[in-house]
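To start, the structure itself, in structure tokens.
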Amino acid sequence: MSTLTKEKIKKSLNRKDNTLIVTPLLTESQIGQSSIDVRLGNQFIVFRSHRFGAFGPSSKNVTEPRKVQERQIINFGDDFMLHPGVLILGCTFEYISIPNDLECQVEGRSSWARFGLQVVTASSIEPGFKGVVTLELSNVGTVPLTLKPGIRIAQLVFRTANPPIPNPYSGNRKYRCPIGPEFSRLYDDYDWKIISGHKISDKRNMY
Amino acid sequence: MNSIQSFPNILKWQEHFQRNELRKFALFLRRLAEKVLLTEDFTTKTPQKLARLIIETSKLLETSIQEAPFEFLPSIDDFIERIAAHLRYIERARITQTPWSLVHSAEYFFKQQVGPKSNFIIRPTWSYNYSLIGEFWGFYKTVLKCWSWFPLDELKKKLPFEDNETIYCISFPRIERQNCLLHVNWGHELGHIFAAKWMETNFANMWTIVQPEIQKRIQDHVKKNPPPVDPLFKEVAIHDSVARLTRKTMDTARSGLCELVCDIIGVHLFGPSAIASAFEFASRYFLDVSPLQCHYYPPWRYRFREMLNYCEEDFENHSDISYHGSVIKPFINWLHQVKELTYQKSDIQILESNIITKEAYDFISSKSDIIINQVISLLPSCSQKQYKLHERSEFIEKLVERLRHGIPPNETVNLSKNPASLQDIISAGWIFQIERSSKDIKWGKIEDIDVLFRLVLKACESSHIQRIWGPELNKKEE
């Protein structure tokens, strides 16, 4: 498994088949020496902390993520204030499609990290993933940060998957072609239902 | 009792009471509009513009009602009631209520057609219909101009838009919010702006020329089928009947013509996608309902025939057109099936069975070509040329290919400097949907449709942002 450098990233973006897609790349300078900078999308999921006590697989707690979180959409160019100690879900503006011979790592940008912005995401994106990437953004600094959809927020680092996966990201997928941050689907874990000990609401399937 | 006693005249007391009530209405309206404005979650700036118009108008009404002559009070009441109803357009235009990914690119597209000074609110409505409402600022000016006591110039200074700007509202059925492919019907609604312009200046003249002949034929018809009245009143009854039928014929012709012209504008701007969306919209209705039973709307079968004729070049077998591969073919076959529906002339029979619809649609069919050309000439020069699918087929096929792979059709290659247009994206969406459902009977589950809508919506958003920001960002880079 080796990290793709600029030249190889460009090659992967220009392949005829099994292409790496990162769309739209507004400028070529987004392609760095060994990564692609991605921009912040305009959809967010924020907590409705005033509406619930706790979340988790217990019958005493809320088990439906949509009850504890809600989607917020702001316009490109508008401000999104991220206050210290707050976690939100954001997403990349770019829609990505990872070919079966690559895997991807999403990392924060050090320029933002120096102000306390952490971009924590599921550490790797599997070959075959299609969609925008959900970013778990939190401000661990002491001053509020003004985020604007469209700013460069994170970077994608690509590594080869050897050997290529024959049927990537197929079967029972939790997240299918998302175009915004996705609510957690912990309840889709096979053991969630057993551990939580109660029936999960059908509402979970509502988009 | 004391306060009443302070007014010697009961009428004066009533007037004072009425003024106070109106002032209160204006104040409440202003507060409501301010509250709506505070939410700040609108997809574009246009709902805020309308909100500010309501706020500033009510504010000035609050202070100037005192100056208004007594006899104006009922009309002020009526005006406040009307503009209060405008709040609902703003409230429903909030970001979560709209297909927001599409709204920016749609408004950008509408502005290209109607002019940079036009503004559009896009909002859902619970009725299953698309409609165009407005123009709002023109309405305010028309009313307020008549009130010499109202400080219209002061209002103009306070508004966040210029005097020559216009504000329209385009509605779509709430239940179809995500259905971006159906929203091609907005092209038809946009057509109403141009059709209204043409109607205002030309229809009366054109009708005046043909009316004597039409009236003569209606008269002959009525004479053959006289109204069942006493012979003494027969002549008067015939005269009345002819006048009434002629009037109704004109109304039928005017409305029918307007709708048909709007259909053609839709096809002109969006190509065969406009037919597909009209067909989907009409699928729940009978195709052959007489205009007299359907608010003067032409029968759907008639409308499809006209629309298909307008873009015949796109799907008939012309030697110079070759659709590469087979991606577009299922869509073309589908259009042929719609065309087959129009071979049946049951709509024409319905129209011919009544003297009103017969005369109205004879007039329409004899004049429609000229009128359509005249209306199209009102479009800006960049839109004079019809959007033709076969001229875009190579590019669209690549967009469809992306949809097949679960990728938004906003461009054909990475790092493209050529984002797809709104029309190309929508065409690709329709072609993909029809191709998939024709080849795979299992395709079409709600999850499949949902993914398609999401990809098309994302493509609309991405290509719009790329078009707006791309050139500037790249320039800086160079």
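Going by the structure tokens order, chains are called A, B, ..., each with residues numbered from 1, while ligands are numbered from 1 in the order shown.
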Show me, as a ChimeraX atom specification, every residue of chain A with an atom at most 7 Å from chain B, counting only C-alpha atoms. /A:13,21-28,73-75,130,177,179
From a backbone DSSP assignment, name each residue in segment 55-277 of chain B labelled strand (DSSP E), as a list in words. Ser118, Asn119, Phe120, Ile121, Ile122, Arg123, Pro124, Thr125, Ser131, Leu132, Ile133, Gly134, Thr166, Ile167, Tyr168, Cys169, Ile170, Ser171, Phe172 and Pro173 of chain B
For those residues, write N, CA, C and O atoms to a file as a compact mmCIF listing (two decimals), in the first residue's frame.
```
# COMPACT_ATOMS: atom_id res chain seq x y z
N SER B 118 -34.63 40.67 -13.05
CA SER B 118 -35.77 39.87 -12.56
C SER B 118 -35.32 39.02 -11.37
O SER B 118 -34.16 38.61 -11.28
N ASN B 119 -36.25 38.79 -10.46
CA ASN B 119 -35.97 37.97 -9.28
C ASN B 119 -37.07 36.92 -9.15
O ASN B 119 -38.23 37.21 -9.47
N PHE B 120 -36.70 35.75 -8.68
CA PHE B 120 -37.68 34.67 -8.58
C PHE B 120 -37.66 34.02 -7.20
O PHE B 120 -36.60 33.70 -6.68
N ILE B 121 -38.85 33.85 -6.66
CA ILE B 121 -39.00 33.07 -5.44
C ILE B 121 -39.50 31.70 -5.90
O ILE B 121 -40.44 31.63 -6.70
N ILE B 122 -38.90 30.66 -5.39
CA ILE B 122 -39.40 29.32 -5.72
C ILE B 122 -39.93 28.71 -4.44
O ILE B 122 -39.22 28.65 -3.43
N ARG B 123 -41.19 28.33 -4.47
CA ARG B 123 -41.81 27.84 -3.22
C ARG B 123 -42.77 26.69 -3.52
O ARG B 123 -43.36 26.62 -4.60
N PRO B 124 -42.94 25.81 -2.54
CA PRO B 124 -43.89 24.71 -2.74
C PRO B 124 -45.32 25.14 -2.43
O PRO B 124 -45.54 26.09 -1.69
N THR B 125 -46.25 24.45 -3.02
CA THR B 125 -47.66 24.68 -2.72
C THR B 125 -48.31 23.32 -2.52
O THR B 125 -47.90 22.33 -3.14
N SER B 131 -47.27 27.02 -10.93
CA SER B 131 -47.86 28.30 -11.30
C SER B 131 -46.85 29.43 -11.21
O SER B 131 -45.81 29.29 -10.55
N LEU B 132 -47.20 30.51 -11.88
CA LEU B 132 -46.36 31.72 -11.81
C LEU B 132 -47.23 32.81 -11.19
O LEU B 132 -48.36 33.04 -11.63
N ILE B 133 -46.71 33.47 -10.17
CA ILE B 133 -47.45 34.54 -9.51
C ILE B 133 -46.59 35.81 -9.58
O ILE B 133 -45.40 35.77 -9.40
N GLY B 134 -47.23 36.91 -9.74
CA GLY B 134 -46.52 38.18 -9.81
C GLY B 134 -46.86 38.89 -11.11
O GLY B 134 -47.76 38.47 -11.81
N THR B 166 -37.91 43.28 -10.93
CA THR B 166 -39.21 42.61 -10.85
C THR B 166 -39.08 41.39 -9.93
O THR B 166 -38.01 40.82 -9.80
N ILE B 167 -40.19 41.04 -9.31
CA ILE B 167 -40.20 39.87 -8.42
C ILE B 167 -41.36 38.95 -8.81
O ILE B 167 -42.52 39.38 -8.82
N TYR B 168 -41.02 37.71 -9.12
CA TYR B 168 -42.04 36.71 -9.45
C TYR B 168 -41.94 35.55 -8.46
O TYR B 168 -40.89 35.35 -7.83
N CYS B 169 -43.00 34.79 -8.36
CA CYS B 169 -42.95 33.59 -7.54
C CYS B 169 -43.38 32.39 -8.40
O CYS B 169 -44.42 32.44 -9.06
N ILE B 170 -42.55 31.39 -8.42
CA ILE B 170 -42.89 30.17 -9.16
C ILE B 170 -43.17 29.07 -8.14
O ILE B 170 -42.36 28.82 -7.25
N SER B 171 -44.34 28.46 -8.26
CA SER B 171 -44.73 27.41 -7.30
C SER B 171 -44.57 26.03 -7.92
O SER B 171 -44.66 25.87 -9.13
N PHE B 172 -44.36 25.07 -7.04
CA PHE B 172 -44.31 23.67 -7.49
C PHE B 172 -45.05 22.83 -6.47
O PHE B 172 -45.20 23.25 -5.31
N PRO B 173 -45.55 21.65 -6.84
CA PRO B 173 -46.28 20.83 -5.87
C PRO B 173 -45.37 20.33 -4.77
O PRO B 173 -44.31 19.77 -5.05
```
Pick from B:Gln97, B:Gln433, B:Ser366, B:Ser377 nearest to Ala276 of chain B, counting only C-alpha atoms: B:Gln433
Could you pull the residues within 10 Å of segment 219-235 of chain B, counting only C-alpha atoms, minus those fewer than 5 positions along the same chain, as a PyMOL selection string? chain B and resi 213-214+240-243+245-246+355
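Rounded to one decimal, atom CA of Gln48 of chain B and atom CA of Asn179 of chain B lie 25.4 Å from each other.
The space between atom CA of Ser184 of chain A and atom CA of Gln69 of chain A spans 9.6 Å.
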